[in-house]
$ cat my_file.cif   # mmCIF, C-alpha atoms and all ligand atoms
data_start
#
loop_
_atom_site.label_atom_id
_atom_site.label_comp_id
_atom_site.auth_asym_id
_atom_site.auth_seq_id
_atom_site.Cartn_x
_atom_site.Cartn_y
_atom_site.Cartn_z
CA MET A 1330 -170.15 1.27 39.47
CA SER A 1331 -171.78 2.26 42.74
CA THR A 1332 -174.43 4.93 43.11
CA ILE A 1333 -174.08 7.65 45.75
CA ILE A 1334 -177.22 9.55 46.74
CA LEU A 1335 -177.55 12.59 48.98
CA GLY A 1336 -181.00 12.57 50.64
CA ILE A 1337 -182.62 15.67 52.14
CA GLU A 1338 -185.69 15.61 54.41
CA SER A 1339 -187.52 18.71 55.71
CA SER A 1340 -191.22 17.82 55.69
CA CYS A 1341 -192.05 18.62 59.32
CA ASP A 1342 -189.83 19.56 62.26
CA ASP A 1343 -186.65 17.56 61.63
CA THR A 1344 -183.95 18.78 59.24
CA SER A 1345 -182.06 15.73 58.01
CA ALA A 1346 -179.46 14.84 55.39
CA ALA A 1347 -178.04 11.40 54.61
CA VAL A 1348 -175.63 9.80 52.16
CA THR A 1349 -176.02 6.24 50.83
CA ARG A 1350 -173.85 4.15 48.52
CA ASP A 1351 -176.02 1.50 46.84
CA CYS A 1352 -178.44 1.83 49.81
CA VAL A 1353 -175.65 1.24 52.34
CA LEU A 1354 -175.84 4.06 54.85
CA LEU A 1355 -172.71 6.25 55.00
CA SER A 1356 -174.20 9.04 57.15
CA ASN A 1357 -177.53 10.21 58.54
CA VAL A 1358 -177.58 13.57 60.32
CA ILE A 1359 -180.74 14.88 62.01
CA ALA A 1360 -181.28 18.28 63.65
CA SER A 1361 -184.48 18.14 65.70
CA GLN A 1362 -186.24 21.39 66.51
CA ARG A 1363 -186.78 21.94 70.24
CA VAL A 1364 -188.43 25.32 69.63
CA HIS A 1365 -191.91 23.72 69.38
CA GLU A 1366 -191.94 22.10 72.84
CA ALA A 1367 -193.28 25.21 74.53
CA TYR A 1368 -196.31 25.25 72.19
CA GLY A 1369 -197.54 21.66 72.59
CA GLY A 1370 -197.22 20.95 68.85
CA VAL A 1371 -195.30 21.92 65.72
CA VAL A 1372 -195.64 25.61 64.76
CA PRO A 1373 -195.25 25.66 60.95
CA GLU A 1374 -193.73 29.13 60.66
CA LEU A 1375 -191.10 28.39 63.33
CA ALA A 1376 -190.36 25.05 61.65
CA SER A 1377 -189.52 26.60 58.27
CA ARG A 1378 -187.28 29.21 59.90
CA ALA A 1379 -185.41 26.52 61.84
CA HIS A 1380 -184.98 24.48 58.62
CA GLN A 1381 -183.38 27.53 56.99
CA GLN A 1382 -180.88 27.78 59.84
CA ASN A 1383 -180.15 24.03 59.95
CA ILE A 1384 -180.03 22.91 56.35
CA VAL A 1385 -176.53 24.07 55.34
CA PRO A 1386 -174.71 22.72 58.42
CA VAL A 1387 -176.74 19.47 58.38
CA VAL A 1388 -175.96 18.75 54.70
CA SER A 1389 -172.26 19.67 55.14
CA GLU A 1390 -172.01 17.38 58.15
CA ALA A 1391 -173.69 14.47 56.31
CA ILE A 1392 -171.18 14.80 53.44
CA ARG A 1393 -168.27 15.06 55.89
CA GLN A 1394 -169.35 12.04 57.96
CA ALA A 1395 -169.85 9.98 54.77
CA GLY A 1396 -166.20 10.59 53.87
CA ILE A 1397 -167.04 11.66 50.32
CA SER A 1398 -166.65 14.89 48.42
CA ARG A 1399 -169.54 16.75 46.83
CA SER A 1400 -168.42 15.72 43.34
CA ASP A 1401 -168.94 12.01 44.28
CA ILE A 1402 -172.70 12.54 44.60
CA ASP A 1403 -174.66 11.03 41.68
CA ALA A 1404 -178.05 12.57 42.50
CA ILE A 1405 -179.87 14.64 45.08
CA ALA A 1406 -183.09 13.14 46.48
CA PHE A 1407 -185.42 15.37 48.47
CA THR A 1408 -188.83 15.10 50.15
CA ARG A 1409 -191.30 16.87 47.89
CA GLY A 1410 -194.35 16.10 50.07
CA PRO A 1411 -196.61 15.55 51.87
CA GLY A 1412 -195.79 17.80 54.79
CA LEU A 1413 -195.84 21.41 55.95
CA PRO A 1414 -195.64 23.71 52.90
CA GLY A 1415 -193.08 26.14 54.39
CA SER A 1416 -190.83 23.32 55.63
CA LEU A 1417 -191.01 21.51 52.29
CA HIS A 1418 -190.12 24.73 50.45
CA VAL A 1419 -186.83 25.03 52.32
CA GLY A 1420 -185.67 21.49 51.44
CA THR A 1421 -186.98 21.74 47.87
CA ALA A 1422 -185.33 25.08 47.12
CA PHE A 1423 -182.05 24.01 48.70
CA SER A 1424 -182.01 20.70 46.77
CA LYS A 1425 -182.70 22.44 43.49
CA GLY A 1426 -179.91 24.94 44.12
CA LEU A 1427 -177.45 22.18 44.98
CA ALA A 1428 -178.47 20.07 41.96
CA LEU A 1429 -177.87 23.05 39.67
CA ALA A 1430 -174.55 23.94 41.33
CA LEU A 1431 -173.23 20.35 41.17
CA ASP A 1432 -174.85 19.65 37.79
CA ARG A 1433 -176.50 16.48 39.10
CA PRO A 1434 -180.03 15.12 38.60
CA LEU A 1435 -182.75 15.86 41.09
CA VAL A 1436 -185.06 13.10 42.37
CA ASP A 1437 -188.27 13.93 44.22
CA VAL A 1438 -189.44 11.52 46.92
CA ASN A 1439 -192.89 11.05 48.41
CA HIS A 1440 -192.33 11.14 52.18
CA LEU A 1441 -194.67 8.17 52.71
CA HIS A 1442 -192.80 6.06 50.14
CA GLY A 1443 -189.68 7.00 52.09
CA HIS A 1444 -191.12 5.57 55.33
CA VAL A 1445 -192.07 2.33 53.54
CA LEU A 1446 -188.69 2.01 51.80
CA ALA A 1447 -186.84 2.62 55.10
CA HIS A 1448 -186.63 -1.18 55.18
CA PHE A 1449 -184.11 -1.00 52.34
CA ILE A 1450 -181.63 1.16 54.28
CA LYS A 1451 -178.66 -1.17 54.74
CA GLU A 1452 -176.57 -0.64 57.82
CA ASP A 1453 -174.07 -3.08 56.32
CA GLU A 1454 -173.61 -4.85 52.98
CA ASN A 1455 -175.28 -8.08 54.16
CA ALA A 1456 -178.44 -6.61 55.71
CA SER A 1457 -181.58 -8.51 54.66
CA VAL A 1458 -184.45 -6.61 53.05
CA PRO A 1459 -188.11 -7.51 52.38
CA ASP A 1460 -189.07 -9.47 49.28
CA PHE A 1461 -191.87 -8.20 47.03
CA PRO A 1462 -194.76 -8.02 47.41
CA PHE A 1463 -194.92 -7.20 51.09
CA LEU A 1464 -197.71 -5.74 53.17
CA CYS A 1465 -196.77 -2.61 55.10
CA LEU A 1466 -198.61 -0.98 58.00
CA LEU A 1467 -197.58 2.67 57.76
CA ILE A 1468 -198.39 4.43 61.02
CA SER A 1469 -197.18 7.97 61.66
CA GLY A 1470 -198.33 11.27 63.11
CA GLY A 1471 -200.29 12.11 59.97
CA ASN A 1472 -201.12 8.77 58.33
CA SER A 1473 -202.34 5.24 59.02
CA GLN A 1474 -202.33 3.10 55.91
CA ILE A 1475 -202.19 -0.55 54.86
CA ILE A 1476 -200.12 -0.73 51.68
CA VAL A 1477 -199.29 -3.56 49.28
CA VAL A 1478 -195.71 -2.80 48.24
CA LYS A 1479 -195.31 -4.45 44.84
CA SER A 1480 -191.93 -2.92 44.02
CA PRO A 1481 -190.00 0.23 45.04
CA TYR A 1482 -192.07 2.03 42.40
CA GLU A 1483 -195.50 0.51 42.82
CA MET A 1484 -197.58 0.70 45.98
CA GLU A 1485 -201.30 0.10 46.39
CA ILE A 1486 -203.16 1.51 49.40
CA LEU A 1487 -205.71 -1.03 50.65
CA GLY A 1488 -207.01 1.10 53.50
CA GLN A 1489 -206.32 4.28 55.42
CA THR A 1490 -207.66 6.43 58.20
CA ILE A 1491 -210.82 8.36 57.51
CA ASP A 1492 -210.09 10.85 60.32
CA ASP A 1493 -207.22 10.93 62.85
CA ALA A 1494 -204.00 8.97 62.40
CA ALA A 1495 -202.74 6.48 65.03
CA GLY A 1496 -200.03 8.97 66.08
CA GLU A 1497 -202.64 11.68 66.55
CA ALA A 1498 -204.67 9.34 68.78
CA PHE A 1499 -201.59 8.84 70.96
CA ASP A 1500 -200.67 12.54 70.98
CA LYS A 1501 -204.17 13.96 71.53
CA CYS A 1502 -205.06 11.53 74.34
CA ALA A 1503 -201.66 12.17 75.93
CA LYS A 1504 -202.44 15.89 75.84
CA LEU A 1505 -205.77 15.25 77.62
CA MET A 1506 -203.74 13.51 80.33
CA GLY A 1507 -201.55 16.62 80.64
CA LEU A 1508 -198.47 15.06 78.99
CA PRO A 1509 -196.21 17.18 76.75
CA TYR A 1510 -196.00 16.86 72.93
CA PRO A 1511 -195.36 14.41 71.34
CA GLY A 1512 -197.19 12.14 73.77
CA GLY A 1513 -196.72 8.84 71.89
CA PRO A 1514 -193.31 7.93 73.32
CA LEU A 1515 -194.47 8.93 76.86
CA ILE A 1516 -197.58 6.76 76.63
CA ASP A 1517 -195.34 3.90 75.51
CA GLN A 1518 -193.12 4.39 78.57
CA LEU A 1519 -196.00 4.73 81.06
CA ALA A 1520 -197.85 1.76 79.55
CA SER A 1521 -195.06 -0.62 80.55
CA GLU A 1522 -196.02 -0.08 84.22
CA GLY A 1523 -199.80 -0.11 83.79
CA ASP A 1524 -202.67 -2.60 83.71
CA ALA A 1525 -204.07 -2.59 80.15
CA THR A 1526 -207.37 -4.20 81.26
CA ARG A 1527 -208.23 -1.43 83.76
CA PHE A 1528 -210.16 0.78 81.29
CA ARG A 1529 -212.12 0.06 78.13
CA PHE A 1530 -212.45 2.56 75.31
CA ALA A 1531 -214.62 2.55 72.19
CA LYS A 1532 -213.42 0.72 69.09
CA PRO A 1533 -214.74 1.71 65.65
CA HIS A 1534 -216.69 -0.41 63.18
CA ILE A 1535 -215.51 0.80 59.79
CA GLU A 1536 -215.95 -1.08 56.53
CA GLY A 1537 -213.06 -2.65 54.64
CA TYR A 1538 -209.49 -1.93 55.61
CA ASN A 1539 -210.01 1.70 56.63
CA TYR A 1540 -209.24 3.05 60.06
CA SER A 1541 -210.85 5.60 62.35
CA PHE A 1542 -209.40 6.94 65.60
CA SER A 1543 -211.59 9.94 66.39
CA GLY A 1544 -214.18 7.87 68.33
CA LEU A 1545 -211.48 6.47 70.58
CA LYS A 1546 -210.33 10.01 71.35
CA THR A 1547 -213.89 11.03 72.30
CA SER A 1548 -214.36 7.93 74.44
CA PHE A 1549 -211.06 8.63 76.21
CA LEU A 1550 -212.15 12.23 76.83
CA TYR A 1551 -215.52 11.15 78.32
CA THR A 1552 -213.84 8.60 80.60
CA LEU A 1553 -211.57 11.32 81.98
CA ARG A 1554 -214.38 13.87 82.27
CA ASP A 1555 -216.72 11.54 84.19
CA ALA A 1556 -213.99 10.23 86.48
CA LEU A 1557 -212.62 13.70 87.25
CA LYS A 1558 -216.08 14.77 88.53
CA GLU A 1559 -215.82 12.10 91.24
CA ASN A 1560 -212.10 12.31 91.88
CA PRO A 1561 -209.94 15.31 90.86
CA GLY A 1562 -206.82 13.18 91.37
CA PHE A 1563 -208.02 10.50 88.92
CA ILE A 1564 -205.49 11.13 86.13
CA GLU A 1565 -202.52 11.38 88.48
CA GLU A 1566 -203.50 8.14 90.27
CA ASN A 1567 -204.16 6.19 87.07
CA LYS A 1568 -201.61 7.47 84.54
CA PRO A 1569 -199.90 4.12 83.79
CA HIS A 1570 -203.25 2.27 83.61
CA LEU A 1571 -204.77 4.91 81.33
CA ALA A 1572 -201.67 4.76 79.10
CA ALA A 1573 -201.64 0.96 78.99
CA SER A 1574 -205.38 0.70 78.25
CA LEU A 1575 -205.16 3.39 75.55
CA GLN A 1576 -202.13 1.76 73.91
CA LYS A 1577 -203.81 -1.65 73.94
CA THR A 1578 -206.93 -0.22 72.28
CA ILE A 1579 -204.88 1.48 69.54
CA ILE A 1580 -202.93 -1.74 68.92
CA ASP A 1581 -206.16 -3.80 68.77
CA ILE A 1582 -207.63 -1.37 66.21
CA LEU A 1583 -204.45 -1.43 64.09
CA MET A 1584 -204.02 -5.20 64.24
CA GLU A 1585 -207.63 -6.06 63.47
CA LYS A 1586 -207.46 -4.53 59.97
CA PHE A 1587 -203.81 -5.37 59.32
CA THR A 1588 -204.28 -9.07 60.10
CA ARG A 1589 -207.46 -9.15 58.02
CA ALA A 1590 -205.50 -7.71 55.07
CA ILE A 1591 -202.71 -10.26 55.63
CA LYS A 1592 -205.21 -13.13 55.54
CA ASP A 1593 -207.16 -11.78 52.54
CA THR A 1594 -204.09 -11.08 50.38
CA GLY A 1595 -202.14 -14.17 51.44
CA ILE A 1596 -198.93 -12.09 51.46
CA LYS A 1597 -196.24 -13.75 53.57
CA THR A 1598 -193.91 -10.81 54.23
CA ILE A 1599 -195.10 -7.98 56.46
CA ALA A 1600 -193.58 -4.74 57.71
CA ILE A 1601 -194.36 -1.72 59.85
CA ALA A 1602 -193.12 1.82 59.27
CA GLY A 1603 -193.54 5.41 60.50
CA GLY A 1604 -193.20 7.07 63.91
CA VAL A 1605 -195.75 4.87 65.71
CA SER A 1606 -193.85 1.73 64.61
CA ALA A 1607 -191.39 2.71 67.38
CA ASN A 1608 -194.08 1.72 69.89
CA SER A 1609 -193.04 -1.29 72.00
CA GLY A 1610 -196.56 -2.75 72.08
CA VAL A 1611 -197.06 -2.43 68.31
CA ARG A 1612 -193.66 -4.05 67.65
CA ALA A 1613 -194.40 -6.92 70.03
CA ALA A 1614 -197.89 -7.49 68.56
CA VAL A 1615 -196.60 -7.63 64.97
CA ASP A 1616 -193.65 -9.83 65.91
CA SER A 1617 -195.81 -12.29 67.82
CA TYR A 1618 -198.45 -12.45 65.05
CA ALA A 1619 -195.74 -13.14 62.46
CA ARG A 1620 -194.25 -15.95 64.58
CA ARG A 1621 -197.62 -17.58 65.11
CA HIS A 1622 -198.47 -17.43 61.40
CA HIS A 1623 -195.00 -18.19 60.00
CA LEU A 1624 -194.59 -14.83 58.26
CA ARG A 1625 -191.41 -12.81 57.65
CA ALA A 1626 -191.75 -9.59 59.66
CA PHE A 1627 -189.66 -6.46 59.16
CA ILE A 1628 -189.61 -4.15 62.15
CA PRO A 1629 -187.43 -1.08 61.56
CA ALA A 1630 -184.65 0.07 63.86
CA ARG A 1631 -186.16 2.81 66.03
CA ARG A 1632 -183.92 5.50 64.53
CA PHE A 1633 -185.49 4.85 61.10
CA THR A 1634 -189.10 5.04 62.31
CA THR A 1635 -189.30 8.82 62.68
CA ASP A 1636 -188.43 11.33 59.96
CA ASN A 1637 -184.93 10.84 58.57
CA ALA A 1638 -183.12 11.48 55.30
CA ALA A 1639 -181.69 7.93 55.06
CA MET A 1640 -185.09 6.67 53.91
CA ILE A 1641 -185.32 9.54 51.40
CA ALA A 1642 -181.88 8.68 49.99
CA VAL A 1643 -182.88 5.01 49.59
CA ALA A 1644 -186.23 5.82 47.95
CA GLY A 1645 -184.31 8.28 45.71
CA HIS A 1646 -181.78 5.57 44.86
CA TYR A 1647 -184.48 3.42 43.25
CA LYS A 1648 -185.99 6.33 41.34
CA TYR A 1649 -182.52 7.30 40.13
CA LEU A 1650 -181.90 3.77 38.82
CA ASN A 1651 -185.25 4.05 37.03
CA HIS A 1652 -184.19 7.40 35.47
CA ASP A 1653 -187.21 8.94 37.15
CA PHE A 1654 -185.97 12.50 37.63
CA CYS A 1655 -187.70 15.64 38.85
CA ASP A 1656 -188.08 18.80 36.84
CA ILE A 1657 -186.28 21.79 38.33
CA THR A 1658 -189.56 23.76 38.31
CA ALA A 1659 -191.56 21.12 40.30
CA PRO A 1660 -193.20 22.67 43.38
CA PRO A 1661 -193.54 20.82 46.72
CA PHE A 1662 -196.93 19.26 47.54
CA ALA A 1663 -198.49 19.50 50.99
CA ARG A 1664 -201.04 16.69 50.71
CA VAL A 1665 -200.92 12.96 49.99
CA ILE A 1666 -200.95 12.19 46.27
CA ILE A 1667 -200.17 8.45 46.14
O1 LIG B 1 -193.45 9.41 61.29
P1 LIG B 1 -193.41 10.55 62.25
O2 LIG B 1 -192.08 10.99 62.77
O3 LIG B 1 -194.10 11.83 61.71
C1 LIG B 1 -194.89 11.90 60.61
O4 LIG B 1 -194.31 11.86 59.49
O5 LIG B 1 -196.12 12.00 60.81
O6 LIG B 1 -194.35 10.12 63.47
C2 LIG B 1 -194.54 10.92 64.59
C3 LIG B 1 -195.58 10.23 65.45
C4 LIG B 1 -196.04 11.08 66.64
O7 LIG B 1 -197.45 11.05 66.67
C5 LIG B 1 -195.44 10.37 67.85
O8 LIG B 1 -196.20 10.51 69.03
C6 LIG B 1 -195.45 8.94 67.37
O9 LIG B 1 -195.04 9.02 66.02
N1 LIG B 1 -194.53 8.08 68.14
C7 LIG B 1 -194.96 7.10 68.96
C8 LIG B 1 -193.79 6.54 69.54
N2 LIG B 1 -192.71 7.20 69.03
C9 LIG B 1 -193.18 8.14 68.17
N3 LIG B 1 -196.19 6.67 69.26
C10 LIG B 1 -196.30 5.65 70.13
N4 LIG B 1 -195.24 5.07 70.73
C11 LIG B 1 -193.97 5.46 70.47
N5 LIG B 1 -192.93 4.86 71.06
#
$ encode --input "my_file.cif" --output "structure tokens"
Amino acid sequence: MSTIILGIESSCDDTSAAVTRDCVLLSNVIASQRVHEAYGGVVPELASRAHQQNIVPVVSEAIRQAGISRSDIDAIAFTRGPGLPGSLHVGTAFSKGLALALDRPLVDVNHLHGHVLAHFIKEDENASVPDFPFLCLLISGGNSQIIVVKSPYEMEILGQTIDDAAGEAFDKCAKLMGLPYPGGPLIDQLASEGDATRFRFAKPHIEGYNYSFSGLKTSFLYTLRDALKENPGFIEENKPHLAASLQKTIIDILMEKFTRAIKDTGIKTIAIAGGVSANSGVRAAVDSYARRHHLRAFIPARRFTTDNAAMIAVAGHYKYLNHDFCDITAPPFARVII
């Protein structure tokens, strides 16, 4: 007997629904919200309103594209948190309503577990997946964590950011350069044409496996401020070099702790996940480290790095098999609770 899961994701500014059969992806529909572009960041109130408009057509389309009928669904998995409270409420309330209407169990998914378990989304029956335990570098707009993934149900955080996340470092520095939100993908693009040794920015000295990115942001700001006093055209003339030097610094910071954790734990399978794992430099650095040290590396397809419901369906699949269901009265949670 196969298991069909409908996944629903609404934690930030993407409304997404996906259907999986035994983790094989049947559909993954994402409606991104363009309404925030004019504001230079996600406006929570506008996000929840857009989710309300998108959720019914997105879920209907995911079911249609999967070629199933609603009665084939075994369980409904939804993102319960962390994320924006208003956005989470829309997905949570909708999922509860659908679970009641279809008389199917409800499975709540931690968004961060979803990112990590994105490696178990199978695009075809023979896709290879990580073996346990594996060490995952989870890098997104809101989080930077090194996690030992012991099983789909058991994850141990070895270290995490004590201030900004890696994605925030990209986005905030990009904003200082006058680039639109989100700046991460633009920095990635510009960096490919720049000289990464042109500028040097501060790197933190933090104990253990924890990260910090706020010092880098300040150092980037001071570099721009001092240079602009001498030359008002500094940013325009140096955009690719600034982007390349910034990206290299972020990658160095990420890799220093990640490789230390790899050595200390002796774990031979590594993975990256989250929005920043789409970054070309991060992907190349992890791939090359794994080759040099004979490790298995899992680098997700770019479409599974940012928020998507496929990863929620897969994380829900494992909880469903474990009979780990969610009470119909469970509220969403805004903050990290793993
Ligand atoms: O995982 P995600 O979609 O959102 C959270 O759940 O936080 O990650 C979004 C973050 C943003 O900060 C965005 O700038 C960053 O991922 N990002 C990138 C790239 N693509 C997305 N950062 C650097 N290079 C990229 N190619």
$ residues_near_ligand --input "my_file.cif" --ligand "ligand LIG 1 (chain B)" --cutoff "6 Å" --atoms "all atoms listed in the file" --output "PyMOL selection string"
chain A and resi 1469-1471+1496-1497+1499-1500+1511-1514+1517+1603-1605+1607-1608+1635-1636
$ atom_distance --input "my_file.cif" --atom1 "atom CA of His1418 of chain A" --atom2 "atom CA of Ile1491 of chain A"
27.3 Å
$ residues_near_point --input "my_file.cif" --point "(-193.8, -1.9, 42.8)" --cutoff "12 Å" --atoms "all atoms listed in the file" --output "number ranges by chain"
A: 1442, 1445-1446, 1460-1464, 1476-1486, 1644, 1647-1648, 1651
$ residues_near_point --input "my_file.cif" --point "(-189.5, 16.4, 54.1)" --cutoff "12 Å" --atoms "only C-alpha atoms" --output "PyMOL selection string"
chain A and resi 1336-1346+1359+1376-1377+1380+1384+1406-1424+1437-1444+1635-1642+1661-1663
$ residues_around --input "my_file.cif" --residues "segment 1391-1397 of chain A" --least-positions-apart "4" --cutoff "6 Å" --atoms "only C-alpha atoms" --output "compact mmCIF listing (two decimals) with C-alpha atoms, keeping the file's coordinate frame"
# COMPACT_ATOMS: atom_id res chain seq x y z
CA ALA A 1346 -179.46 14.84 55.39
CA ALA A 1347 -178.04 11.40 54.61
CA LEU A 1355 -172.71 6.25 55.00
CA SER A 1356 -174.20 9.04 57.15
CA VAL A 1358 -177.58 13.57 60.32
$ closest_residue --input "my_file.cif" --among "A:Asp1432, A:Glu1585, A:Glu1565, A:Asp1656" --to "Gly1507 of chain A" --atoms "all atoms listed in the file"
A:Glu1565
$ residues_around --input "my_file.cif" --residues "segment 1546-1561 of chain A" --least-positions-apart "2" --cutoff "6 Å" --atoms "all atoms listed in the file" --output "ChimeraX atom specification"
/A:1530-1531,1543-1544,1563
$ atom_distance --input "my_file.cif" --atom1 "atom CA of Ser1606 of chain A" --atom2 "atom CA of Ala1447 of chain A"
11.8 Å
$ closest_residue --input "my_file.cif" --among "A:Leu1435, A:Met1506, A:Ile1591, A:Ile1628" --to "Thr1658 of chain A" --atoms "only C-alpha atoms"
A:Leu1435
$ atom_distance --input "my_file.cif" --atom1 "atom CA of Lys1425 of chain A" --atom2 "atom CA of Thr1332 of chain A"
19.4 Å
$ closest_residue --input "my_file.cif" --among "A:Ile1657, A:Val1387, A:Leu1335, A:Ala1602" --to "Gly1426 of chain A" --atoms "only C-alpha atoms"
A:Ile1657
$ residues_around --input "my_file.cif" --residues "segment 1566-1576 of chain A" --least-positions-apart "4" --cutoff "8 Å" --atoms "all atoms listed in the file" --output "PyMOL selection string"
chain A and resi 1499+1506+1516-1517+1519-1530+1549+1562+1580+1610
$ closest_residue --input "my_file.cif" --among "A:Val1388, A:Ile1596, A:Leu1508, A:Val1436" --to "Ile1405 of chain A" --atoms "only C-alpha atoms"
A:Val1436
$ axis_aligned_box --input "my_file.cif" --around "segment 1351-1363 of chain A" --padding-each-side "5 Å" --output "JSON"
{"center_x": -179.7, "center_y": 11.6, "center_z": 58.5, "size_x": 24.1, "size_y": 30.7, "size_z": 33.4}
$ build_atoms --input "my_file.cif" --residues "segment 1353-1364 of chain A" --atoms "N, CA and C atoms" --output "PDB file, keeping the file's coordinate frame"
ATOM      1  N   VAL A1353    -176.382   1.418  51.084  1.00  0.00           N
ATOM      2  CA  VAL A1353    -175.650   1.240  52.340  1.00  0.00           C
ATOM      3  C   VAL A1353    -175.459   2.637  52.941  1.00  0.00           C
ATOM      4  N   LEU A1354    -175.823   2.748  54.208  1.00  0.00           N
ATOM      5  CA  LEU A1354    -175.840   4.060  54.850  1.00  0.00           C
ATOM      6  C   LEU A1354    -174.430   4.524  55.213  1.00  0.00           C
ATOM      7  N   LEU A1355    -174.036   5.696  54.680  1.00  0.00           N
ATOM      8  CA  LEU A1355    -172.710   6.250  55.000  1.00  0.00           C
ATOM      9  C   LEU A1355    -172.837   7.335  56.072  1.00  0.00           C
ATOM     10  N   SER A1356    -173.962   8.038  56.090  1.00  0.00           N
ATOM     11  CA  SER A1356    -174.200   9.040  57.150  1.00  0.00           C
ATOM     12  C   SER A1356    -175.678   9.372  57.201  1.00  0.00           C
ATOM     13  N   ASN A1357    -176.124   9.819  58.365  1.00  0.00           N
ATOM     14  CA  ASN A1357    -177.530  10.210  58.540  1.00  0.00           C
ATOM     15  C   ASN A1357    -177.570  11.233  59.668  1.00  0.00           C
ATOM     16  N   VAL A1358    -177.659  12.504  59.324  1.00  0.00           N
ATOM     17  CA  VAL A1358    -177.580  13.570  60.320  1.00  0.00           C
ATOM     18  C   VAL A1358    -178.973  14.181  60.497  1.00  0.00           C
ATOM     19  N   ILE A1359    -179.403  14.326  61.747  1.00  0.00           N
ATOM     20  CA  ILE A1359    -180.740  14.880  62.010  1.00  0.00           C
ATOM     21  C   ILE A1359    -180.634  16.013  63.024  1.00  0.00           C
ATOM     22  N   ALA A1360    -181.181  17.179  62.680  1.00  0.00           N
ATOM     23  CA  ALA A1360    -181.280  18.280  63.650  1.00  0.00           C
ATOM     24  C   ALA A1360    -182.754  18.394  64.021  1.00  0.00           C
ATOM     25  N   SER A1361    -183.086  18.034  65.261  1.00  0.00           N
ATOM     26  CA  SER A1361    -184.480  18.140  65.700  1.00  0.00           C
ATOM     27  C   SER A1361    -184.703  19.552  66.235  1.00  0.00           C
ATOM     28  N   GLN A1362    -185.939  20.013  66.115  1.00  0.00           N
ATOM     29  CA  GLN A1362    -186.240  21.390  66.510  1.00  0.00           C
ATOM     30  C   GLN A1362    -186.913  21.398  67.878  1.00  0.00           C
ATOM     31  N   ARG A1363    -186.224  21.920  68.883  1.00  0.00           N
ATOM     32  CA  ARG A1363    -186.780  21.940  70.240  1.00  0.00           C
ATOM     33  C   ARG A1363    -187.735  23.121  70.430  1.00  0.00           C
ATOM     34  N   VAL A1364    -187.691  24.066  69.479  1.00  0.00           N
ATOM     35  CA  VAL A1364    -188.430  25.320  69.630  1.00  0.00           C
ATOM     36  C   VAL A1364    -189.938  25.108  69.813  1.00  0.00           C
TER      37      VAL A1364
END
